$ cat start_26.txt   # compact mmCIF, C-alpha atoms
# COMPACT_ATOMS: atom_id res chain seq x y z
CA MET A 1 23.54 32.73 -4.70
CA GLY A 2 23.94 35.92 -2.63
CA ARG A 3 27.37 35.22 -1.26
CA LYS A 4 30.91 36.56 -1.44
CA ILE A 5 33.74 34.12 -2.07
CA GLU A 6 37.26 35.30 -1.29
CA HIS A 7 40.30 33.21 -2.26
CA VAL A 8 42.90 33.53 0.48
CA ASN A 9 46.60 32.96 -0.22
CA TRP A 10 49.50 32.90 2.18
CA PRO A 11 51.33 36.24 2.39
CA ASP A 12 54.54 34.63 1.06
CA ALA A 13 52.85 32.44 -1.58
CA PRO A 14 54.99 31.92 -4.71
CA ASP A 15 53.56 32.92 -8.09
CA VAL A 16 52.67 29.46 -9.46
CA TRP A 17 49.50 28.11 -11.06
CA MET A 18 47.51 25.69 -8.92
CA PRO A 19 44.17 24.00 -9.77
CA TYR A 20 42.80 24.85 -6.31
CA ALA A 21 42.78 27.58 -3.67
CA PRO A 22 44.61 26.88 -0.40
CA ALA A 23 41.81 28.59 1.54
CA ILE A 24 38.43 30.18 0.81
CA LYS A 25 36.42 32.56 2.97
CA VAL A 26 32.66 32.65 2.29
CA SER A 27 30.37 35.39 3.56
CA GLY A 28 26.57 35.16 3.26
CA GLY A 29 24.82 32.78 0.94
CA THR A 30 23.26 29.37 1.42
CA MET A 31 25.10 26.11 2.07
CA VAL A 32 24.18 23.13 -0.10
CA PHE A 33 25.55 19.61 0.32
CA ILE A 34 25.80 17.37 -2.72
CA ALA A 35 26.36 13.61 -2.63
CA GLY A 36 29.53 12.29 -4.19
CA VAL A 37 29.29 11.45 -7.88
CA THR A 38 31.18 9.38 -10.41
CA ALA A 39 30.66 8.92 -14.15
CA ALA A 40 28.02 6.30 -13.29
CA PRO A 41 24.36 7.24 -13.67
CA VAL A 42 23.35 9.15 -10.53
CA TYR A 43 19.91 7.56 -10.55
CA HIS A 44 20.28 3.79 -10.78
CA SER A 45 18.79 0.65 -9.27
CA HIS A 46 19.66 -0.70 -5.83
CA PRO A 47 20.77 -3.41 -5.73
CA HIS A 48 22.85 -2.48 -8.75
CA VAL A 49 21.95 -3.69 -12.22
CA PRO A 50 25.21 -4.04 -14.23
CA GLU A 51 23.54 -3.06 -17.52
CA GLU A 52 22.83 0.41 -16.13
CA PHE A 53 26.60 1.03 -15.97
CA ALA A 54 27.47 -0.31 -19.44
CA SER A 55 27.92 3.13 -21.01
CA MET A 56 30.52 4.37 -18.51
CA PRO A 57 33.76 5.52 -20.18
CA ASP A 58 36.94 3.50 -19.59
CA ASP A 59 39.45 6.37 -19.75
CA MET A 60 40.22 9.02 -17.13
CA GLU A 61 39.24 11.97 -19.32
CA GLY A 62 35.87 10.41 -20.13
CA GLN A 63 35.25 9.50 -16.51
CA ALA A 64 36.21 12.99 -15.35
CA ARG A 65 33.83 14.59 -17.87
CA GLY A 66 31.02 12.19 -16.94
CA THR A 67 31.57 12.88 -13.25
CA LEU A 68 31.61 16.65 -13.69
CA GLU A 69 28.51 16.55 -15.92
CA ASN A 70 26.72 14.61 -13.16
CA LEU A 71 27.89 17.17 -10.61
CA LYS A 72 26.72 20.00 -12.91
CA LYS A 73 23.22 18.49 -13.00
CA SER A 74 23.08 18.50 -9.19
CA LEU A 75 24.37 22.08 -9.07
CA ASP A 76 21.78 23.13 -11.68
CA ALA A 77 19.03 21.47 -9.60
CA VAL A 78 19.82 23.70 -6.61
CA GLY A 79 20.37 26.86 -8.65
CA ALA A 80 24.15 26.84 -8.33
CA THR A 81 27.13 26.72 -10.69
CA PHE A 82 30.73 25.57 -10.38
CA ALA A 83 31.55 29.15 -9.32
CA ASP A 84 29.57 28.46 -6.12
CA VAL A 85 31.60 25.37 -5.17
CA VAL A 86 34.10 26.12 -2.40
CA VAL A 87 35.38 22.63 -1.50
CA ALA A 88 35.77 19.32 -3.33
CA ASN A 89 37.17 15.97 -2.28
CA ARG A 90 38.36 14.01 -5.32
CA PHE A 91 39.06 10.28 -5.19
CA LEU A 92 41.15 8.49 -7.83
CA THR A 93 42.16 4.86 -8.15
CA ASP A 94 45.37 5.90 -9.95
CA LEU A 95 46.94 9.12 -8.68
CA SER A 96 49.25 9.23 -11.71
CA GLN A 97 46.18 10.32 -13.73
CA GLN A 98 45.63 13.41 -11.59
CA ASP A 99 46.92 15.74 -14.33
CA ILE A 100 44.24 14.44 -16.72
CA LEU A 101 41.61 15.10 -14.08
CA ASN A 102 43.03 18.58 -13.44
CA LYS A 103 42.83 19.43 -17.17
CA VAL A 104 39.12 18.53 -17.33
CA TRP A 105 38.46 20.01 -13.86
CA ASN A 106 39.86 23.36 -15.01
CA GLU A 107 37.42 23.43 -17.95
CA TYR A 108 34.54 23.27 -15.48
CA VAL A 109 35.75 25.33 -12.52
CA ALA A 110 37.87 27.83 -14.51
CA GLU A 111 38.92 30.66 -12.20
CA SER A 112 36.63 29.75 -9.28
CA LYS A 113 39.17 27.16 -8.04
CA PRO A 114 37.56 25.58 -4.98
CA THR A 115 39.74 24.06 -2.29
CA THR A 116 40.40 20.43 -3.15
CA THR A 117 41.83 17.30 -1.63
CA THR A 118 42.74 14.50 -4.01
CA VAL A 119 43.15 11.02 -2.54
CA GLN A 120 44.09 7.70 -4.10
CA VAL A 121 41.77 4.85 -3.14
CA VAL A 122 41.70 1.16 -4.00
CA GLN A 123 38.24 1.22 -5.56
CA LEU A 124 35.29 3.53 -6.16
CA ALA A 125 31.71 2.40 -5.54
$ encode --input "start_26.txt" --output "structure tokens"
Amino acid sequence: MGRKIEHVNWPDAPDVWMPYAPAIKVSGGTMVFIAGVTAAPVYHSHPHVPEEFASMPDDMEGQARGTLENLKKSLDAVGATFADVVVANRFLTDLSQQDILNKVWNEYVAESKPTTTTVQVVQLA
């Protein structure tokens, strides 16, 4: 997308693997904003029709994959890839499942490692 992404680490950063970059500097390019997604169908009725959500996975790995596939479709629609993502806010209802999310997340973002914030919430819409 005509941009340069530079991962910035602290000068005294230890040599450990992390699923995110502490800071990213972006030069050039185009900014795109994408609505938050879950494993639920992105396009669904409002008010909600419960049957439209019947195929959602129950487990964290399935939900993570469904969520990232939905995000991939939005990225594809704007001509971007996961390598173009520089920041992500991730919301979980059970923070103890963060490692499962990170495993799936790494399959999608690989070495691009956007900055992330992961927050536990009571419920997702």
$ closest_atom_pairs --input "start_26.txt" --of "segment 11-95 of chain A" --to "segment 113-119 of chain A" --cutoff "8 Å" --atoms "only C-alpha atoms" --output "tab-separated table"
residue	atom	partner	partner_atom	distance
A:Pro19	CA	A:Lys113	CA	6.2
A:Tyr20	CA	A:Lys113	CA	4.6
A:Ala21	CA	A:Thr115	CA	4.9
A:Pro22	CA	A:Thr115	CA	5.9
A:Ala23	CA	A:Thr115	CA	6.3
A:Ile24	CA	A:Thr115	CA	7.0
A:Ala83	CA	A:Lys113	CA	8.0
A:Val85	CA	A:Pro114	CA	6.0
A:Val86	CA	A:Pro114	CA	4.3
A:Val87	CA	A:Thr115	CA	4.7
A:Ala88	CA	A:Thr116	CA	4.8
A:Asn89	CA	A:Thr117	CA	4.9
A:Arg90	CA	A:Thr118	CA	4.6
A:Phe91	CA	A:Val119	CA	4.9
A:Leu92	CA	A:Val119	CA	6.2
A:Leu95	CA	A:Val119	CA	7.5
$ write_last_selection --input "start_26.txt" --atoms "C-alpha atoms" --output "PDB file, keeping the file's coordinate frame"
ATOM      1  CA  PRO A  19      44.170  24.000  -9.770  1.00  0.00           C
ATOM      2  CA  TYR A  20      42.800  24.850  -6.310  1.00  0.00           C
ATOM      3  CA  ALA A  21      42.780  27.580  -3.670  1.00  0.00           C
ATOM      4  CA  PRO A  22      44.610  26.880  -0.400  1.00  0.00           C
ATOM      5  CA  ALA A  23      41.810  28.590   1.540  1.00  0.00           C
ATOM      6  CA  ILE A  24      38.430  30.180   0.810  1.00  0.00           C
ATOM      7  CA  ALA A  83      31.550  29.150  -9.320  1.00  0.00           C
ATOM      8  CA  VAL A  85      31.600  25.370  -5.170  1.00  0.00           C
ATOM      9  CA  VAL A  86      34.100  26.120  -2.400  1.00  0.00           C
ATOM     10  CA  VAL A  87      35.380  22.630  -1.500  1.00  0.00           C
ATOM     11  CA  ALA A  88      35.770  19.320  -3.330  1.00  0.00           C
ATOM     12  CA  ASN A  89      37.170  15.970  -2.280  1.00  0.00           C
ATOM     13  CA  ARG A  90      38.360  14.010  -5.320  1.00  0.00           C
ATOM     14  CA  PHE A  91      39.060  10.280  -5.190  1.00  0.00           C
ATOM     15  CA  LEU A  92      41.150   8.490  -7.830  1.00  0.00           C
ATOM     16  CA  LEU A  95      46.940   9.120  -8.680  1.00  0.00           C
TER      17      LEU A  95
END
$ atom_distance --input "start_26.txt" --atom1 "atom CA of Tyr108 of chain A" --atom2 "atom CA of Lys72 of chain A"
8.9 Å
$ closest_residue --input "start_26.txt" --among "A:Ala77, A:Val122, A:His7, A:His46" --to "Val26 of chain A" --atoms "only C-alpha atoms"
A:His7
$ residues_around --input "start_26.txt" --residues "Pro57 of chain A" --least-positions-apart "3" --cutoff "8 Å" --atoms "all atoms listed in the file" --output "ChimeraX atom specification"
/A:39,60,62-63,66
$ atom_distance --input "start_26.txt" --atom1 "atom CA of Pro41 of chain A" --atom2 "atom CA of Gln120 of chain A"
21.9 Å
$ atom_distance --input "start_26.txt" --atom1 "atom CA of Glu52 of chain A" --atom2 "atom CA of Asn106 of chain A"
28.6 Å
$ closest_residue --input "start_26.txt" --among "A:Glu6, A:Asp99, A:Glu61, A:His48" --to "Lys25 of chain A" --atoms "only C-alpha atoms"
A:Glu6
$ decode --input "start_26.txt" --residues "segment 88-113 of chain A" --atoms "N, CA and C atoms" --output "mmCIF file, in the first residue's frame"
data_model
loop_
_atom_site.group_PDB
_atom_site.id
_atom_site.type_symbol
_atom_site.label_atom_id
_atom_site.label_comp_id
_atom_site.auth_asym_id
_atom_site.auth_seq_id
_atom_site.Cartn_x
_atom_site.Cartn_y
_atom_site.Cartn_z
ATOM 1 N N ALA A 88 -3.908 -3.172 16.798
ATOM 2 C CA ALA A 88 -5.110 -3.979 17.005
ATOM 3 C C ALA A 88 -5.469 -3.979 18.486
ATOM 4 N N ASN A 89 -6.727 -3.750 18.764
ATOM 5 C CA ASN A 89 -7.255 -3.878 20.121
ATOM 6 C C ASN A 89 -8.049 -5.173 20.161
ATOM 7 N N ARG A 90 -7.677 -6.071 21.071
ATOM 8 C CA ARG A 90 -8.290 -7.396 21.144
ATOM 9 C C ARG A 90 -9.029 -7.516 22.475
ATOM 10 N N PHE A 91 -10.271 -7.957 22.407
ATOM 11 C CA PHE A 91 -11.108 -8.060 23.598
ATOM 12 C C PHE A 91 -11.488 -9.514 23.818
ATOM 13 N N LEU A 92 -11.226 -10.017 25.022
ATOM 14 C CA LEU A 92 -11.535 -11.395 25.392
ATOM 15 C C LEU A 92 -12.432 -11.405 26.615
ATOM 16 N N THR A 93 -13.305 -12.399 26.695
ATOM 17 C CA THR A 93 -14.111 -12.546 27.907
ATOM 18 C C THR A 93 -13.393 -13.402 28.946
ATOM 19 N N ASP A 94 -12.325 -14.087 28.549
ATOM 20 C CA ASP A 94 -11.538 -14.905 29.471
ATOM 21 C C ASP A 94 -10.062 -14.743 29.110
ATOM 22 N N LEU A 95 -9.378 -13.901 29.853
ATOM 23 C CA LEU A 95 -7.985 -13.580 29.550
ATOM 24 C C LEU A 95 -7.067 -14.800 29.640
ATOM 25 N N SER A 96 -7.493 -15.829 30.359
ATOM 26 C CA SER A 96 -6.664 -17.035 30.460
ATOM 27 C C SER A 96 -6.545 -17.752 29.114
ATOM 28 N N GLN A 97 -7.376 -17.387 28.140
ATOM 29 C CA GLN A 97 -7.316 -18.007 26.814
ATOM 30 C C GLN A 97 -6.495 -17.180 25.821
ATOM 31 N N GLN A 98 -5.777 -16.197 26.329
ATOM 32 C CA GLN A 98 -4.973 -15.318 25.483
ATOM 33 C C GLN A 98 -3.914 -16.082 24.685
ATOM 34 N N ASP A 99 -3.318 -17.127 25.275
ATOM 35 C CA ASP A 99 -2.295 -17.883 24.553
ATOM 36 C C ASP A 99 -2.876 -18.605 23.342
ATOM 37 N N ILE A 100 -4.120 -19.063 23.445
ATOM 38 C CA ILE A 100 -4.786 -19.696 22.299
ATOM 39 C C ILE A 100 -4.980 -18.654 21.206
ATOM 40 N N LEU A 101 -5.452 -17.479 21.584
ATOM 41 C CA LEU A 101 -5.609 -16.393 20.616
ATOM 42 C C LEU A 101 -4.270 -16.056 19.975
ATOM 43 N N ASN A 102 -3.213 -15.938 20.783
ATOM 44 C CA ASN A 102 -1.899 -15.582 20.246
ATOM 45 C C ASN A 102 -1.399 -16.609 19.234
ATOM 46 N N LYS A 103 -1.665 -17.893 19.474
ATOM 47 C CA LYS A 103 -1.253 -18.952 18.540
ATOM 48 C C LYS A 103 -1.908 -18.735 17.176
ATOM 49 N N VAL A 104 -3.216 -18.523 17.171
ATOM 50 C CA VAL A 104 -3.941 -18.311 15.915
ATOM 51 C C VAL A 104 -3.539 -16.964 15.309
ATOM 52 N N TRP A 105 -3.448 -15.938 16.137
ATOM 53 C CA TRP A 105 -3.053 -14.593 15.693
ATOM 54 C C TRP A 105 -1.736 -14.655 14.923
ATOM 55 N N ASN A 106 -0.768 -15.407 15.464
ATOM 56 C CA ASN A 106 0.548 -15.499 14.835
ATOM 57 C C ASN A 106 0.474 -16.145 13.453
ATOM 58 N N GLU A 107 -0.467 -17.061 13.245
ATOM 59 C CA GLU A 107 -0.639 -17.675 11.924
ATOM 60 C C GLU A 107 -1.060 -16.630 10.889
ATOM 61 N N TYR A 108 -1.788 -15.631 11.317
ATOM 62 C CA TYR A 108 -2.287 -14.608 10.399
ATOM 63 C C TYR A 108 -1.330 -13.432 10.247
ATOM 64 N N VAL A 109 -0.772 -12.956 11.344
ATOM 65 C CA VAL A 109 0.076 -11.759 11.262
ATOM 66 C C VAL A 109 1.541 -12.095 11.034
ATOM 67 N N ALA A 110 1.951 -13.322 11.336
ATOM 68 C CA ALA A 110 3.329 -13.791 11.152
ATOM 69 C C ALA A 110 4.322 -12.777 11.696
ATOM 70 N N GLU A 111 5.217 -12.311 10.851
ATOM 71 C CA GLU A 111 6.272 -11.398 11.308
ATOM 72 C C GLU A 111 5.867 -9.930 11.312
ATOM 73 N N SER A 112 4.673 -9.595 10.826
ATOM 74 C CA SER A 112 4.289 -8.181 10.772
ATOM 75 C C SER A 112 4.013 -7.609 12.157
ATOM 76 N N LYS A 113 3.569 -8.418 13.093
ATOM 77 C CA LYS A 113 3.385 -8.059 14.501
ATOM 78 C C LYS A 113 2.926 -6.627 14.755
#
